[in-house]
Amino acid sequence: MRFIIGKEMANILGVEDIPEIRNTSTEKGKGELSSPVGFMMARKLKKRPDEITKELAEALSSRSWAERIEHKGGFLNIYLSPFFLLQHLYGLSKGKYEEIAQFTPQYKKRIQVEYVSANPTGPLHVAHGRGAAVGSTLVNIFKHIGLDTTAEFYINDGGEQIKKFALSILERVKEIKGLPFDIESIDGGYKGEYLKDIAEKLLERHPNILDMPQSKALDTAAEFGIALMLQDQKEVLKTYKVEFDVWRSEKDIRREGWVEKTINLLKERGLTYESDGALWLKTTVFGDDKDRVLIKKNGEYTYFAVDVAYHFEKHSRGFDIVYDIWGSDHYGHIGRMKAAMKGLGLPDDFLQVIVIQIVRFLKDGEPIKMSKRAGTFTLLSELIDLVGVDAARFYFLMYSPDNSMDFDLDLAVKKSMDNPVYYVQYSYTRALSLKRKAEEASVTVPTLDEVKKALEMYTPSEEEKLLLINLADIRYQLMLSAKNLSPHYIVNYAKDLAGMLHSFYQSKRVLDAESDSARVFRMALIDRFVEVMGLLHDLMGIEKKEHM
RNA sequence: GCACCUGUAGCUCAACAGGUUAGAGCGCAGGCCUCCGGAGCCUGAGGUUGGGGGUUCGACUCCCCCCAGGUGCACCA
């Protein structure tokens with residue numbers, strides 16, 4: 001809706017750029033929408049700001065969408081026709097998201113979002129919860145506005161960690177068998193209790209595992225443990241409303257020869273050299289602080305080498321933009337990866353890393369120490385059991401990913417009204433309950449024609465218009481989240497809408513309204529609220545509750 | 001030391017592409033149900049946007065310099 005108006009302004013002024021239109025509905029005396037178009041265009045058009053806005057106000061005031069237009073210096077303050085807004089909202093379910101998608105840099109690109117990508121050497125940790133919530137919501141938004149998006153999980157089932165994992169499992173098998181065992185001797189070994197479960201199940205399947213040759217035993221343990229952990233991760237993610245289109249295995253990347261292919265290409269480009277028995281990539285040429293090892297002196301590929309190959313493979317699959325969602329602890333990986341992408345001749349905007357800042361979990365007001373090595377970590381599944389999927393997701397989504405956050409477990413456990421997720425869910429339930437009551441009373445949702453007639457008789461109040469204009473802003477809000485790569489815009493938007501619904505609900509009766517026309521208008525408003533708020537629930541991945 | 005993130009009301013956070021008087025929630029003070037769900041609503045107090053310069057008609061927003069907190073700087077992943 002903002003775009004429609006912005007485009008009309010641009011047409012009248014004969015300029016290319018669509019002027020900024022702000023939602024000023026909650027501010028007094030600035031209209032419902034407002035644009036600093038006079039200031040923005042003054043230089044270009046060589047006119048005074050107030051001349052421009054005066055001209056626009058005159059030209060636009062006859063438009064059907066305009067109820068009233070004021071010009072104040074360089075600002076144009078617009079009051080919209082309620083019918084126009086409802087008409088817009090009635091057309092919402094039919095899609096037409098193209099016109100907002102084109103304001104995002106991802107428009108008409110093939111995009112991939114890779115996130116979570118946890119090691120399959122253990123269950124998902126609570127810290128995975130934030131990236132999972134952010135990633136899945138971004139993907140939901142991208143897909144909803146029609147961007148060509150693939151959600152991908154990279155299974156790190158190759159490399160050094162897997163060896164340590166397999167060794168650790170075998171030690172636990174020895175333990176169960178009553179044989180001497182020693183986990184401490186494994187450098188970076190896995191000490192979590194869950195390894196005993198894996199070992200037990202492994203013994204059931206392969207009772208003779210310890211009689212196998214060492215390398216076969218390790219392979220068997222690794223394969224078995226990975227399958228089990230992956231299964232566990234998939235189940236938790238499903239509960240957590242996180243879905244992937246593609247699960248890509250590191251082992252397959254290696255097996256398909258992508259690493260050799262990639263390294264050869266880098267060699268051809270003269271970007272590698274040997275030193276200390278290792279093969280190095282000249283990432284410093286592309287702005288990295290130091291060069292990085294591709295092949296260790298023991299002949300194995302580094303994680304970095306495989307990851308570069310994986311991203312080269314992504315490009316070969318035809319993606320234009322790849323978003324990797326990483327925790328801030330992987331920050332050091334970014335510079336070298338971007339340098340490697342440049343070395344491979346990929347476009348500058350191909351790899352974009354969304355860095356999620358750290359989450360601290362507070363218990364009794366104190367941060368909990370969490371470490372995989374020590375085996376004392378808290379699981380994502382435990383967090384879900386504790387606070388529920390809705391609260392967990394909502395809490396993670398509320399904050400900008402740039403912001404480090406504290407997750408107060410005591411507060412979340414309380415399920416008290418401090419928790420904004422209830423406030424938002426309650427608004428949906430309340431509106432839905434009203435629709436249910438209406439249905440019982442045989443009051444139907446009006447057609448657009450009925451709304452039009454009703455609005456000839458009825459003038460909406462402040463609360464009603466506020467809710468209306470903000471509902472109609474849904475697509476702009478989705479565009480903001482998509483463009484700025486953060487779900488927190490739509491979460492705050494949902495909180496605002498919920499407040500407006502409650503405020504409206506408190507001040508006006510719907511079913512026993514003072515007039516037929518008022519009831520028709522309000523029924524339309526409630527119906528559209530359920531539509532928009534329902535969509536927001538779906539995108540955020542929280543439950544739409546019929547009853548609370 | 002270098003790089004990145006953060007610093008906004010007592011607390012937790014917003015603020016769109018630089019735009020008109022910096023907004024919410026919690027907490028605090030007061031008020032509101034004969035009534036469609038009070039898990040709600042209304043009113044109020046509360047701010048030198050960490051500090052200092054600069055650019056601009058206009059700066060929380062952009063640039064520079066400081067200060068404070070966090071994270072990262074592996075032939076680990």
# chains A, B, ... in the order shown; residues from 1 in each chain; ligands from 1
>>> interface_residues(of="chain A", to="chain B", cutoff="6 Å", atoms="only C-alpha atoms (C1' of nucleotides)", output="JSON, numbers by chain")
{"A": [296, 331, 332, 434, 506]}
>>> write_last_selection(atoms="N, CA and C atoms", output="short mmCIF file (atom, residue, chain, number, x, y, z; two decimals), in the first residue's frame")
data_model
loop_
_atom_site.label_atom_id
_atom_site.label_comp_id
_atom_site.auth_asym_id
_atom_site.auth_seq_id
_atom_site.Cartn_x
_atom_site.Cartn_y
_atom_site.Cartn_z
N LYS A 296 46.64 -30.19 5.39
CA LYS A 296 47.57 -30.26 6.52
C LYS A 296 48.79 -31.10 6.16
N TYR A 331 32.92 -16.33 13.94
CA TYR A 331 33.23 -15.08 13.28
C TYR A 331 34.55 -15.14 12.52
N GLY A 332 35.54 -15.80 13.14
CA GLY A 332 36.87 -15.85 12.54
C GLY A 332 36.90 -16.54 11.18
N LEU A 434 -14.22 -14.30 18.96
CA LEU A 434 -15.27 -13.37 18.54
C LEU A 434 -15.89 -13.83 17.22
N GLN A 506 -11.49 -3.32 23.60
CA GLN A 506 -11.95 -2.75 24.87
C GLN A 506 -12.92 -1.58 24.63
#
>>> residues_around(residues="Asp197 in chain A", least_positions_apart="6", cutoff="12 Å", atoms="only C-alpha atoms (C1' of nucleotides)", output="list in words")
Gly122, Ile169, Leu170, Arg172, Val173, Glu175, Ile176, Leu203, Glu204, Phe224, Gly225, Leu228 and Met229 of chain A
>>> residues_around(residues="Ala524 in chain A", least_positions_apart="2", cutoff="8 Å", atoms="only C-alpha atoms (C1' of nucleotides)", output="PyMOL selection string")
chain A and resi 86+445-446+451+520-522+526-528
>>> select_by_dssp(residues="range 287-508 of chain A", states="helix (DSSP H, G or I)", output="VMD selection string")
chain A and resid 303 to 316 328 to 343 380 to 387 389 to 398 409 to 414 420 to 440 448 to 457 462 to 471 474 to 484 488 to 507
>>> residues_around(residues="Lys164 in chain A", least_positions_apart="3", cutoff="10 Å", atoms="only C-alpha atoms (C1' of nucleotides)", output="PDB file with all heavy atoms, in the first residue's frame")
ATOM      1  N   THR A 121      27.447 -35.126  16.154  1.00  0.00           N
ATOM      2  CA  THR A 121      28.167 -35.855  17.195  1.00  0.00           C
ATOM      3  C   THR A 121      27.497 -35.692  18.547  1.00  0.00           C
ATOM      4  O   THR A 121      28.068 -36.027  19.571  1.00  0.00           O
ATOM      5  CB  THR A 121      29.614 -35.340  17.309  1.00  0.00           C
ATOM      6  OG1 THR A 121      29.567 -33.912  17.442  1.00  0.00           O
ATOM      7  CG2 THR A 121      30.421 -35.700  16.084  1.00  0.00           C
ATOM      8  N   GLY A 159      35.701 -35.751   8.628  1.00  0.00           N
ATOM      9  CA  GLY A 159      36.720 -34.975   9.313  1.00  0.00           C
ATOM     10  C   GLY A 159      37.064 -35.439  10.722  1.00  0.00           C
ATOM     11  O   GLY A 159      36.614 -36.480  11.186  1.00  0.00           O
ATOM     12  N   GLU A 160      37.858 -34.609  11.354  1.00  0.00           N
ATOM     13  CA  GLU A 160      38.507 -34.938  12.618  1.00  0.00           C
ATOM     14  C   GLU A 160      37.530 -35.221  13.762  1.00  0.00           C
ATOM     15  O   GLU A 160      37.708 -36.171  14.521  1.00  0.00           O
ATOM     16  CB  GLU A 160      39.411 -33.754  12.988  1.00  0.00           C
ATOM     17  CG  GLU A 160      40.575 -34.098  13.869  1.00  0.00           C
ATOM     18  CD  GLU A 160      41.554 -35.053  13.174  1.00  0.00           C
ATOM     19  OE1 GLU A 160      41.724 -34.994  11.918  1.00  0.00           O
ATOM     20  OE2 GLU A 160      42.152 -35.863  13.899  1.00  0.00           O
ATOM     21  N   GLN A 161      36.493 -34.386  13.856  1.00  0.00           N
ATOM     22  CA  GLN A 161      35.557 -34.529  14.973  1.00  0.00           C
ATOM     23  C   GLN A 161      34.893 -35.903  14.978  1.00  0.00           C
ATOM     24  O   GLN A 161      34.638 -36.479  16.027  1.00  0.00           O
ATOM     25  CB  GLN A 161      34.481 -33.440  14.903  1.00  0.00           C
ATOM     26  CG  GLN A 161      35.009 -32.046  15.212  1.00  0.00           C
ATOM     27  CD  GLN A 161      35.635 -31.950  16.577  1.00  0.00           C
ATOM     28  OE1 GLN A 161      35.086 -32.428  17.560  1.00  0.00           O
ATOM     29  NE2 GLN A 161      36.813 -31.344  16.648  1.00  0.00           N
ATOM     30  N   LEU A 167      35.937 -42.785  18.381  1.00  0.00           N
ATOM     31  CA  LEU A 167      36.836 -43.289  19.429  1.00  0.00           C
ATOM     32  C   LEU A 167      36.141 -43.257  20.791  1.00  0.00           C
ATOM     33  O   LEU A 167      36.230 -44.201  21.577  1.00  0.00           O
ATOM     34  CB  LEU A 167      38.110 -42.431  19.479  1.00  0.00           C
ATOM     35  CG  LEU A 167      39.173 -42.737  18.424  1.00  0.00           C
ATOM     36  CD1 LEU A 167      40.238 -41.653  18.419  1.00  0.00           C
ATOM     37  CD2 LEU A 167      39.814 -44.107  18.688  1.00  0.00           C
ATOM     38  N   SER A 168      35.434 -42.146  21.038  1.00  0.00           N
ATOM     39  CA  SER A 168      34.757 -41.991  22.324  1.00  0.00           C
ATOM     40  C   SER A 168      33.680 -43.059  22.489  1.00  0.00           C
ATOM     41  O   SER A 168      33.501 -43.608  23.574  1.00  0.00           O
ATOM     42  CB  SER A 168      34.139 -40.602  22.445  1.00  0.00           C
ATOM     43  OG  SER A 168      35.119 -39.601  22.239  1.00  0.00           O
ATOM     44  N   ILE A 169      32.957 -43.334  21.402  1.00  0.00           N
ATOM     45  CA  ILE A 169      31.903 -44.358  21.478  1.00  0.00           C
ATOM     46  C   ILE A 169      32.525 -45.713  21.829  1.00  0.00           C
ATOM     47  O   ILE A 169      32.042 -46.432  22.702  1.00  0.00           O
ATOM     48  CB  ILE A 169      31.145 -44.471  20.135  1.00  0.00           C
ATOM     49  CG1 ILE A 169      30.381 -43.178  19.845  1.00  0.00           C
ATOM     50  CG2 ILE A 169      30.171 -45.648  20.172  1.00  0.00           C
ATOM     51  CD1 ILE A 169      29.740 -43.129  18.461  1.00  0.00           C
ATOM     52  N   LEU A 170      33.637 -46.028  21.164  1.00  0.00           N
ATOM     53  CA  LEU A 170      34.262 -47.331  21.401  1.00  0.00           C
ATOM     54  C   LEU A 170      34.759 -47.472  22.841  1.00  0.00           C
ATOM     55  O   LEU A 170      34.682 -48.558  23.422  1.00  0.00           O
ATOM     56  CB  LEU A 170      35.407 -47.559  20.409  1.00  0.00           C
ATOM     57  CG  LEU A 170      34.953 -47.821  18.962  1.00  0.00           C
ATOM     58  CD1 LEU A 170      36.159 -48.076  18.066  1.00  0.00           C
ATOM     59  CD2 LEU A 170      33.979 -48.998  18.878  1.00  0.00           C
ATOM     60  N   ILE A 186      41.690 -39.450  24.953  1.00  0.00           N
ATOM     61  CA  ILE A 186      41.336 -38.968  23.624  1.00  0.00           C
ATOM     62  C   ILE A 186      41.353 -37.443  23.658  1.00  0.00           C
ATOM     63  O   ILE A 186      40.590 -36.836  24.401  1.00  0.00           O
ATOM     64  CB  ILE A 186      39.934 -39.443  23.203  1.00  0.00           C
ATOM     65  CG1 ILE A 186      39.830 -40.961  23.313  1.00  0.00           C
ATOM     66  CG2 ILE A 186      39.615 -38.979  21.789  1.00  0.00           C
ATOM     67  CD1 ILE A 186      38.408 -41.465  23.209  1.00  0.00           C
ATOM     68  N   ASP A 187      42.220 -36.863  22.848  1.00  0.00           N
ATOM     69  CA  ASP A 187      42.307 -35.405  22.813  1.00  0.00           C
ATOM     70  C   ASP A 187      40.994 -34.853  22.237  1.00  0.00           C
ATOM     71  O   ASP A 187      40.626 -35.147  21.107  1.00  0.00           O
ATOM     72  CB  ASP A 187      43.505 -34.999  21.941  1.00  0.00           C
ATOM     73  CG  ASP A 187      43.616 -33.486  21.852  1.00  0.00           C
ATOM     74  OD1 ASP A 187      43.255 -32.817  22.846  1.00  0.00           O
ATOM     75  OD2 ASP A 187      44.039 -32.996  20.793  1.00  0.00           O
ATOM     76  N   GLY A 188      40.294 -34.069  23.040  1.00  0.00           N
ATOM     77  CA  GLY A 188      39.017 -33.532  22.569  1.00  0.00           C
ATOM     78  C   GLY A 188      37.938 -34.587  22.455  1.00  0.00           C
ATOM     79  O   GLY A 188      37.031 -34.481  21.645  1.00  0.00           O
ATOM     80  N   GLY A 189      38.038 -35.611  23.297  1.00  0.00           N
ATOM     81  CA  GLY A 189      37.041 -36.671  23.261  1.00  0.00           C
ATOM     82  C   GLY A 189      35.689 -36.204  23.781  1.00  0.00           C
ATOM     83  O   GLY A 189      35.585 -35.172  24.434  1.00  0.00           O
ATOM     84  N   TYR A 190      34.668 -36.978  23.451  1.00  0.00           N
ATOM     85  CA  TYR A 190      33.305 -36.621  23.863  1.00  0.00           C
ATOM     86  C   TYR A 190      32.955 -37.334  25.156  1.00  0.00           C
ATOM     87  O   TYR A 190      33.068 -38.547  25.254  1.00  0.00           O
ATOM     88  CB  TYR A 190      32.309 -37.004  22.760  1.00  0.00           C
ATOM     89  CG  TYR A 190      32.436 -36.130  21.539  1.00  0.00           C
ATOM     90  CD1 TYR A 190      33.429 -36.347  20.601  1.00  0.00           C
ATOM     91  CD2 TYR A 190      31.560 -35.069  21.358  1.00  0.00           C
ATOM     92  CE1 TYR A 190      33.563 -35.530  19.502  1.00  0.00           C
ATOM     93  CE2 TYR A 190      31.681 -34.243  20.257  1.00  0.00           C
ATOM     94  CZ  TYR A 190      32.687 -34.484  19.328  1.00  0.00           C
ATOM     95  OH  TYR A 190      32.807 -33.667  18.241  1.00  0.00           O
ATOM     96  N   LEU A 218      35.892 -48.384  13.914  1.00  0.00           N
ATOM     97  CA  LEU A 218      35.716 -46.933  13.963  1.00  0.00           C
ATOM     98  C   LEU A 218      34.660 -46.475  12.955  1.00  0.00           C
ATOM     99  O   LEU A 218      33.785 -45.678  13.263  1.00  0.00           O
ATOM    100  CB  LEU A 218      37.041 -46.224  13.692  1.00  0.00           C
ATOM    101  CG  LEU A 218      38.003 -46.146  14.882  1.00  0.00           C
ATOM    102  CD1 LEU A 218      39.333 -45.550  14.451  1.00  0.00           C
ATOM    103  CD2 LEU A 218      37.401 -45.326  16.021  1.00  0.00           C
ATOM    104  N   ALA A 222      31.215 -44.765  13.910  1.00  0.00           N
ATOM    105  CA  ALA A 222      30.941 -43.419  13.395  1.00  0.00           C
ATOM    106  C   ALA A 222      29.610 -43.394  12.656  1.00  0.00           C
ATOM    107  O   ALA A 222      28.730 -42.569  12.943  1.00  0.00           O
ATOM    108  CB  ALA A 222      32.067 -42.974  12.470  1.00  0.00           C
TER     109      ALA A 222
END
>>> select_by_dssp(residues="range 47-145 of chain A", states="strand (DSSP E or B)", output="PDB file with N, CA, C and O atoms, in the first residue's frame")
ATOM      1  N   ALA A  66      -7.240   8.539  -0.929  1.00  0.00           N
ATOM      2  CA  ALA A  66      -6.947   9.663  -0.037  1.00  0.00           C
ATOM      3  C   ALA A  66      -8.219  10.182   0.626  1.00  0.00           C
ATOM      4  O   ALA A  66      -9.162  10.567  -0.041  1.00  0.00           O
ATOM      5  N   GLU A  67      -8.207  10.180   1.936  1.00  0.00           N
ATOM      6  CA  GLU A  67      -9.324  10.795   2.649  1.00  0.00           C
ATOM      7  C   GLU A  67      -9.021  12.281   2.792  1.00  0.00           C
ATOM      8  O   GLU A  67      -9.875  13.128   2.630  1.00  0.00           O
ATOM      9  N   ARG A  68      -7.753  12.556   3.092  1.00  0.00           N
ATOM     10  CA  ARG A  68      -7.337  13.928   3.325  1.00  0.00           C
ATOM     11  C   ARG A  68      -5.824  13.976   3.189  1.00  0.00           C
ATOM     12  O   ARG A  68      -5.126  13.051   3.609  1.00  0.00           O
ATOM     13  N   ILE A  69      -5.318  15.038   2.583  1.00  0.00           N
ATOM     14  CA  ILE A  69      -3.866  15.185   2.471  1.00  0.00           C
ATOM     15  C   ILE A  69      -3.457  16.581   2.919  1.00  0.00           C
ATOM     16  O   ILE A  69      -4.011  17.576   2.463  1.00  0.00           O
ATOM     17  N   GLU A  70      -2.497  16.607   3.839  1.00  0.00           N
ATOM     18  CA  GLU A  70      -2.001  17.896   4.324  1.00  0.00           C
ATOM     19  C   GLU A  70      -0.555  18.054   3.892  1.00  0.00           C
ATOM     20  O   GLU A  70       0.176  17.078   3.789  1.00  0.00           O
ATOM     21  N   HIS A  71      -0.156  19.297   3.643  1.00  0.00           N
ATOM     22  CA  HIS A  71       1.274  19.511   3.399  1.00  0.00           C
ATOM     23  C   HIS A  71       1.784  20.507   4.418  1.00  0.00           C
ATOM     24  O   HIS A  71       1.142  21.503   4.749  1.00  0.00           O
ATOM     25  N   LYS A  72       2.945  20.161   4.959  1.00  0.00           N
ATOM     26  CA  LYS A  72       3.514  20.957   6.038  1.00  0.00           C
ATOM     27  C   LYS A  72       5.001  21.044   5.750  1.00  0.00           C
ATOM     28  O   LYS A  72       5.729  20.078   5.958  1.00  0.00           O
ATOM     29  N   PHE A  75       6.999  18.086   4.267  1.00  0.00           N
ATOM     30  CA  PHE A  75       6.310  16.825   4.574  1.00  0.00           C
ATOM     31  C   PHE A  75       4.919  16.784   3.979  1.00  0.00           C
ATOM     32  O   PHE A  75       4.212  17.787   3.935  1.00  0.00           O
ATOM     33  N   LEU A  76       4.546  15.592   3.570  1.00  0.00           N
ATOM     34  CA  LEU A  76       3.203  15.352   3.080  1.00  0.00           C
ATOM     35  C   LEU A  76       2.558  14.366   4.050  1.00  0.00           C
ATOM     36  O   LEU A  76       3.059  13.270   4.251  1.00  0.00           O
ATOM     37  N   ASN A  77       1.462  14.796   4.680  1.00  0.00           N
ATOM     38  CA  ASN A  77       0.783  13.928   5.646  1.00  0.00           C
ATOM     39  C   ASN A  77      -0.511  13.412   5.044  1.00  0.00           C
ATOM     40  O   ASN A  77      -1.352  14.186   4.601  1.00  0.00           O
ATOM     41  N   ILE A  78      -0.649  12.107   5.051  1.00  0.00           N
ATOM     42  CA  ILE A  78      -1.743  11.479   4.326  1.00  0.00           C
ATOM     43  C   ILE A  78      -2.678  10.742   5.273  1.00  0.00           C
ATOM     44  O   ILE A  78      -2.222   9.993   6.153  1.00  0.00           O
ATOM     45  N   TYR A  79      -3.979  10.986   5.099  1.00  0.00           N
ATOM     46  CA  TYR A  79      -4.997  10.207   5.808  1.00  0.00           C
ATOM     47  C   TYR A  79      -5.696   9.351   4.763  1.00  0.00           C
ATOM     48  O   TYR A  79      -6.088   9.846   3.712  1.00  0.00           O
ATOM     49  N   LEU A  80      -5.825   8.061   5.057  1.00  0.00           N
ATOM     50  CA  LEU A  80      -6.312   7.137   4.045  1.00  0.00           C
ATOM     51  C   LEU A  80      -7.786   6.805   4.214  1.00  0.00           C
ATOM     52  O   LEU A  80      -8.328   6.842   5.310  1.00  0.00           O
ATOM     53  N   ARG A 110      18.171 -16.709  -7.007  1.00  0.00           N
ATOM     54  CA  ARG A 110      17.989 -18.007  -6.356  1.00  0.00           C
ATOM     55  C   ARG A 110      18.754 -17.971  -5.048  1.00  0.00           C
ATOM     56  O   ARG A 110      19.967 -17.774  -5.041  1.00  0.00           O
ATOM     57  N   ILE A 111      18.040 -18.124  -3.956  1.00  0.00           N
ATOM     58  CA  ILE A 111      18.708 -18.015  -2.663  1.00  0.00           C
ATOM     59  C   ILE A 111      18.700 -19.311  -1.890  1.00  0.00           C
ATOM     60  O   ILE A 111      17.776 -20.105  -1.981  1.00  0.00           O
ATOM     61  N   GLN A 112      19.775 -19.471  -1.137  1.00  0.00           N
ATOM     62  CA  GLN A 112      19.850 -20.587  -0.217  1.00  0.00           C
ATOM     63  C   GLN A 112      20.097 -20.040   1.176  1.00  0.00           C
ATOM     64  O   GLN A 112      20.865 -19.091   1.341  1.00  0.00           O
ATOM     65  N   VAL A 113      19.435 -20.614   2.146  1.00  0.00           N
ATOM     66  CA  VAL A 113      19.722 -20.278   3.535  1.00  0.00           C
ATOM     67  C   VAL A 113      20.217 -21.542   4.198  1.00  0.00           C
ATOM     68  O   VAL A 113      19.507 -22.534   4.250  1.00  0.00           O
ATOM     69  N   GLU A 114      21.466 -21.503   4.644  1.00  0.00           N
ATOM     70  CA  GLU A 114      22.006 -22.668   5.337  1.00  0.00           C
ATOM     71  C   GLU A 114      22.114 -22.341   6.816  1.00  0.00           C
ATOM     72  O   GLU A 114      22.724 -21.333   7.190  1.00  0.00           O
ATOM     73  N   HIS A 125      22.116 -28.363  20.926  1.00  0.00           N
ATOM     74  CA  HIS A 125      22.375 -27.597  22.129  1.00  0.00           C
ATOM     75  C   HIS A 125      21.409 -26.412  22.153  1.00  0.00           C
ATOM     76  O   HIS A 125      20.912 -25.999  21.102  1.00  0.00           O
TER      77      HIS A 125
END
>>> atom_distance(atom1="CA of Leu466 in chain A", atom2="CA of Ser503 in chain A")
10.0 Å
>>> residues_around(residues="range 334-343 of chain A", least_positions_apart="3", cutoff="6 Å", atoms="only C-alpha atoms (C1' of nucleotides)", output="list in words")
Thr283, Phe286, Asp288, Tyr331 and Leu346 of chain A
